[in-house]
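Chemist: Pasting a structure below so you can have a look.
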Amino acid sequence: MQPVISAKQAREIDSVTTRDYQTPSLLLMQAAAEACFQAIAGHFAGDLAGKKTQILCGPGNNGGDGAALALELCRAGVRADVVLFGNVEDSKGDARTNFEIVRRLASFKAGSDDRPAPLSFVECGSVAVWENLAQPRRTYDAIVDALFGTGLSRPLEGIFLQVVQHLNMTRRARERSATRRPLIVSVDIPSGLDADLAKPMGEAVQADLTVSFTAPKPANVVPPASHLNGQLIVANIGSPAALIDAVKPNLFVTEENDVRQWLISTRYTPDSFKNTHGHALVIAGSRGYSGAAVLCGSAAMRAGVGLVTVATPASTQAAVAAGVMPEVMTTALAETDRGAVSDAAIDHVMQLTSKANVIAIGPGLSAEDERTRHFVYSVVKQRQTPVVIDADALNCLANYASNGWPEELQGSDDAPLILTPHPGEMLRLLGTTDKAALDDRVAVARKFATQHKLILVLKGAHSLVAAPDGRVFINPTGNAGLGTAGAGDTLTGIMAGFIAQAGATLRENSDALSATIAALYVGSLAGDFAARDLGMRSMVASDIREYLSEAIRSLDPKGEQP
């Protein structure tokens, strides 16, 4: 897992690195500049000769990083025009050291001919000076945003706001003209963002490439702020990894290798057969909503579980049986007069659960009838296995308590609860209609998961998985095409399939949290592969299921070969 750290933790790590590991802070700044240089060089495939760059520097350490970067670029044959917003004499510490070096080198003449100097330096202290500099006299291959780093905590104003607006206008003009230049590069974080907030606090740079140092900050990886980062590169600039662990991060980004290790741990072996890979019971569907049950059950089967049974209202069974993969079993449940599952089915379902490793409940279930709500509550309350709760089952439970999630329903180590709400369902679980309640999705997910001792999958761009112990994991895979109808039902099936496999294969070492994280990553990666071939617009939920094989094989090709 890639730890995500706050601005305060980042400063603490830098401080301890310089104090206890005898690493001069100027050396850290130089390493940051080198990381940015390598990222820019990589973008241009190493062909930097003759390129022109503009480096926009604030007066603090972020600007000092930019000044050091200008020197790196200049040594590589790149023309670097440095603009310091302020005066060298007003800057401090290592930043001032780098500004003084750049100013001194820029003052040297290039020679007796008319060639421009490879390095220029301007102190910009007024809007008038900036407006003159911003005139379209020179075309740049790259513009570097080194205005503000992780210390910004209020919206931009004055000249800095104008600079950021100019950068964003330049980017929009570039897109309209279908040219690739200039590349907009942000140092550590796009200027205008509060490093600790997922929601932009005002206008901020829309970067193409952001180079963050030591570890990403929340605004680098949590939407919507993360959408402004463009491609994110996290660079090690010399702080020992032990210092990151020492600040005890509780926010992480799931990495490819985390999921690969889960797949390796649950590989099929030469003596594998259906019972060694678990049995998933899917309780889903109602009259007129058989498709959700079909998508969920088929996805569980494709995810690799040994057996899948879809339990659905009697009047829906024929439609579900006709729609699911032929390997999926179905069974009929007692129903209400509206064709939704009835609480008269509780005893039958509890008998079915005795043979299952996991229950998935909710897709297409309906939440209108009190008897259906009582059924869902009773299944969750009496469970002996992990339960994945989605869609109408979430709404049933929110309505059952009348004011959000029933407080008496708590997860446990032996029978964990895994909730998979989208934002609207999450608001109902919180007992509110105020969308502002989800402004800090990480904090909301963490509080809900710890309060109720359960696993919460809060869906959306870069979905979150919150654990009962307070850790939150950000899923990096997926795209907007996953917002299609039925994608949530498909994800529920994949999660049920992975949790069942873990329970049957790993037994006492089974971990529903790891299986949930892996399922979210793999399911969203399948969506990425589907979008690659079909486009986001035309992708449908069943496509996600069909690309599961490619997603799994891309992560563990050896484990999928006989």
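In the structure tokens, the first chain shown is A, the next is B, and so on; residue numbers restart at 1 for each chain, and ligands run from 1 in the order shown.
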Wanna dump the segment 212-276 of chain A-segment 304-326 of chain A contacts at 9 Å for me, each residue with its shortest atom pair and the distance in Å to one decimal, counting only C-alpha atoms, ordered by chain and number, as CSV?
Modeler:
residue,atom,partner,partner_atom,distance
A:Phe273,CA,A:Gly306,CA,7.3
A:Lys274,CA,A:Gly306,CA,4.0
A:Asn275,CA,A:Gly306,CA,5.9
A:Thr276,CA,A:Gly306,CA,7.0
Chemist: What are the nearest atom pairs, with distances in Å to one decimal, for all residues of segment 261-308 of chain A that come at most 12 Å from segment 523-527 of chain A, using only C-alpha atoms, set out by chain and rising residue number as JSON lines?
Modeler:
{"residue": "A:Ala299", "atom": "CA", "partner": "A:Gly523", "partner_atom": "CA", "distance": 9.5}
{"residue": "A:Ala300", "atom": "CA", "partner": "A:Gly523", "partner_atom": "CA", "distance": 11.0}
{"residue": "A:Arg302", "atom": "CA", "partner": "A:Gly523", "partner_atom": "CA", "distance": 11.0}
{"residue": "A:Ala303", "atom": "CA", "partner": "A:Gly523", "partner_atom": "CA", "distance": 9.0}
Chemist: For those residues, write all heavy atoms to a file as an mmCIF file, in the first residue's frame.
Modeler:
data_model
loop_
_atom_site.group_PDB
_atom_site.id
_atom_site.type_symbol
_atom_site.label_atom_id
_atom_site.label_comp_id
_atom_site.auth_asym_id
_atom_site.auth_seq_id
_atom_site.Cartn_x
_atom_site.Cartn_y
_atom_site.Cartn_z
ATOM 1 N N ALA A 299 -21.475 -12.257 -12.331
ATOM 2 C CA ALA A 299 -20.183 -11.654 -11.990
ATOM 3 C C ALA A 299 -19.475 -12.458 -10.909
ATOM 4 O O ALA A 299 -18.248 -12.654 -10.955
ATOM 5 C CB ALA A 299 -20.376 -10.210 -11.534
ATOM 6 N N ALA A 300 -20.230 -12.941 -9.925
ATOM 7 C CA ALA A 300 -19.627 -13.769 -8.880
ATOM 8 C C ALA A 300 -19.026 -15.032 -9.486
ATOM 9 O O ALA A 300 -17.911 -15.446 -9.126
ATOM 10 C CB ALA A 300 -20.677 -14.118 -7.826
ATOM 11 N N ARG A 302 -17.985 -15.496 -12.628
ATOM 12 C CA ARG A 302 -16.827 -15.148 -13.451
ATOM 13 C C ARG A 302 -15.632 -14.745 -12.590
ATOM 14 O O ARG A 302 -14.471 -14.871 -13.016
ATOM 15 C CB ARG A 302 -17.191 -14.022 -14.411
ATOM 16 C CG ARG A 302 -16.081 -13.636 -15.379
ATOM 17 C CD ARG A 302 -15.767 -14.747 -16.355
ATOM 18 N NE ARG A 302 -16.750 -14.816 -17.432
ATOM 19 C CZ ARG A 302 -16.794 -15.765 -18.350
ATOM 20 N NH1 ARG A 302 -15.914 -16.757 -18.311
ATOM 21 N NH2 ARG A 302 -17.713 -15.768 -19.283
ATOM 22 N N ALA A 303 -15.883 -14.285 -11.372
ATOM 23 C CA ALA A 303 -14.794 -13.860 -10.479
ATOM 24 C C ALA A 303 -13.996 -15.037 -9.940
ATOM 25 O O ALA A 303 -12.955 -14.837 -9.318
ATOM 26 C CB ALA A 303 -15.360 -13.043 -9.319
#
Chemist: Please provide the set of residues having any atom within 9 Å of segment 498-503 of chain A, restricted to only C-alpha atoms, with same-chain residues fewer than 6 positions apart removed, written as a ChimeraX atom specification.
Modeler: /A:262,265-266,276-280,300,303-306,356-359,386,509-516,518-519
Chemist: Atom CA of Trp130 of chain A to atom CA of Leu156 of chain A: how many Å, to one decimal?
Modeler: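 These two atoms are separated by 15.8 Å.
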Chemist: Compile the contact shell of Ala68 of chain A as a list in words: residues with an atom at most 9 Å away, counting only C-alpha atoms, same-chain residues fewer than 3 positions apart removed.
Modeler: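 Near Ala68 of chain A, the qualifying residues are Met29, Gln30, Ala32, Ala33, Glu34, Gly63, Gly64, Asp65, Leu71, Glu72, Leu73, Ala95, Asn98, Phe99, Ile101 and Val102 of chain A.
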Chemist: Using Å and a single decimal, report how far atom CA of Ser378 of chain A sits from atom CA of Glu407 of chain A.
Modeler: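 Between atom CA of Glu407 of chain A and atom CA of Ser378 of chain A the gap is 14.3 Å.
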Chemist: Rank nothing, just name the residue among A:Ser463, A:Ser186, A:Ser286, A:Ser226 nearest to Leu209 of chain A, using only C-alpha atoms.
Modeler: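 Of A:Ser463, A:Ser186, A:Ser286, A:Ser226, the one nearest Leu209 of chain A, counting only C-alpha atoms, is A:Ser186.
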Chemist: Can you tell me, as an NGL selection string, what residues are no more than 9 Å from Pro468 of chain A when counting only C-alpha atoms, ignoring any on the same chain fewer than 4 positions away?
Modeler: :A and (411 or 446-456)
Chemist: Of the residues A:Arg383, A:Arg138, A:Arg19, A:Arg267, which is the one nearest to Leu417 of chain A, using only C-alpha atoms?
Modeler: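 The shortest atom-to-atom distance to Leu417 of chain A comes from A:Arg383.
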Chemist: Going by DSSP on the backbone, which bits of segment 269-345 of chain A are strand (DSSP E or B)? Write them as a PyMOL selection string, please.
Modeler: chain A and resi 279-283+307-313+329-333+335+341
Chemist: Could those residues be written to a file, using C-alpha atoms, as a PDB file, in the first residue's frame?
Modeler:
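And here is the file that came out, result.pdb:
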ATOM      1  CA  HIS A 279     -19.946 -20.881  -2.439  1.00  0.00           C
ATOM      2  CA  ALA A 280     -21.590 -17.457  -2.824  1.00  0.00           C
ATOM      3  CA  LEU A 281     -25.270 -16.978  -2.033  1.00  0.00           C
ATOM      4  CA  VAL A 282     -26.756 -14.000  -3.879  1.00  0.00           C
ATOM      5  CA  ILE A 283     -30.127 -12.726  -2.622  1.00  0.00           C
ATOM      6  CA  LEU A 307     -20.463 -22.242  -6.699  1.00  0.00           C
ATOM      7  CA  VAL A 308     -23.080 -19.506  -6.978  1.00  0.00           C
ATOM      8  CA  THR A 309     -26.718 -19.725  -5.936  1.00  0.00           C
ATOM      9  CA  VAL A 310     -29.080 -16.847  -6.709  1.00  0.00           C
ATOM     10  CA  ALA A 311     -32.062 -16.792  -4.332  1.00  0.00           C
ATOM     11  CA  THR A 312     -34.832 -14.673  -5.812  1.00  0.00           C
ATOM     12  CA  PRO A 313     -38.623 -14.257  -5.438  1.00  0.00           C
ATOM     13  CA  MET A 329     -27.927 -22.148  -9.649  1.00  0.00           C
ATOM     14  CA  THR A 330     -31.203 -20.472  -8.673  1.00  0.00           C
ATOM     15  CA  THR A 331     -33.771 -21.030  -5.953  1.00  0.00           C
ATOM     16  CA  ALA A 332     -37.184 -19.495  -5.279  1.00  0.00           C
ATOM     17  CA  LEU A 333     -38.088 -17.434  -2.224  1.00  0.00           C
ATOM     18  CA  GLU A 335     -42.625 -13.231  -1.963  1.00  0.00           C
ATOM     19  CA  VAL A 341     -38.962 -11.191  -1.203  1.00  0.00           C
TER      20      VAL A 341
END
Chemist: As a list in words, list the residues of segment 202-290 of chain A assigned to helix (DSSP H, G or I) by DSSP on the backbone atoms of this structure.
Modeler: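 Secondary structure check on segment 202-290 of chain A, helix (DSSP H, G or I): Pro218, Ala219, Asn220, Val221, Ala225, Ser226, His227, Leu228, Ala241, Ala242, Leu243, Ile244, Asp245, Ala246, Glu256, Asn257, Asp258, Val259, Arg260, Gln261, Trp262, Leu263, Ile264, Ser265, Lys274, Asn275, Thr276, His277 and Ser290 of chain A.
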Chemist: Print the selection's residues with C-alpha atoms to a file, as a PDB file, in the first residue's frame.
Modeler:
ATOM      1  CA  PRO A 218      -4.685  13.773   0.157  1.00  0.00           C
ATOM      2  CA  ALA A 219      -5.230  16.390  -2.561  1.00  0.00           C
ATOM      3  CA  ASN A 220      -2.922  14.383  -4.842  1.00  0.00           C
ATOM      4  CA  VAL A 221      -5.075  11.268  -4.698  1.00  0.00           C
ATOM      5  CA  ALA A 225      -8.876  17.745  -6.050  1.00  0.00           C
ATOM      6  CA  SER A 226      -6.880  14.845  -7.489  1.00  0.00           C
ATOM      7  CA  HIS A 227      -8.405  15.485 -10.918  1.00  0.00           C
ATOM      8  CA  LEU A 228      -6.255  18.634 -11.075  1.00  0.00           C
ATOM      9  CA  ALA A 241      10.697   4.823   4.563  1.00  0.00           C
ATOM     10  CA  ALA A 242      10.741   4.191   8.327  1.00  0.00           C
ATOM     11  CA  LEU A 243       9.914   7.856   8.899  1.00  0.00           C
ATOM     12  CA  ILE A 244       6.715   7.496   6.877  1.00  0.00           C
ATOM     13  CA  ASP A 245       5.712   4.517   9.015  1.00  0.00           C
ATOM     14  CA  ALA A 246       6.593   6.482  12.152  1.00  0.00           C
ATOM     15  CA  GLU A 256      -0.922  -3.326  -8.074  1.00  0.00           C
ATOM     16  CA  ASN A 257       1.335  -5.607  -6.067  1.00  0.00           C
ATOM     17  CA  ASP A 258      -1.098  -5.666  -3.131  1.00  0.00           C
ATOM     18  CA  VAL A 259      -3.741  -7.181  -5.379  1.00  0.00           C
ATOM     19  CA  ARG A 260      -1.263  -9.489  -7.082  1.00  0.00           C
ATOM     20  CA  GLN A 261      -0.300 -10.971  -3.721  1.00  0.00           C
ATOM     21  CA  TRP A 262      -3.964 -11.610  -2.899  1.00  0.00           C
ATOM     22  CA  LEU A 263      -4.457 -13.387  -6.215  1.00  0.00           C
ATOM     23  CA  ILE A 264      -1.343 -15.488  -5.597  1.00  0.00           C
ATOM     24  CA  SER A 265      -2.588 -16.478  -2.140  1.00  0.00           C
ATOM     25  CA  LYS A 274     -15.534 -26.299  -6.998  1.00  0.00           C
ATOM     26  CA  ASN A 275     -15.808 -26.766  -3.245  1.00  0.00           C
ATOM     27  CA  THR A 276     -12.272 -25.522  -2.609  1.00  0.00           C
ATOM     28  CA  HIS A 277     -13.122 -22.090  -4.014  1.00  0.00           C
ATOM     29  CA  SER A 290     -34.394  -9.644 -12.595  1.00  0.00           C
TER      30      SER A 290
END
Chemist: If we count only C-alpha atoms and set the cut-off at 8 Å, which residues sit around Pro249 of chain A, ignoring sequence neighbours fewer than 2 positions away in its own chain? Please answer as a PyMOL selection string.
Modeler: chain A and resi 3-5+244-245+247+251-252
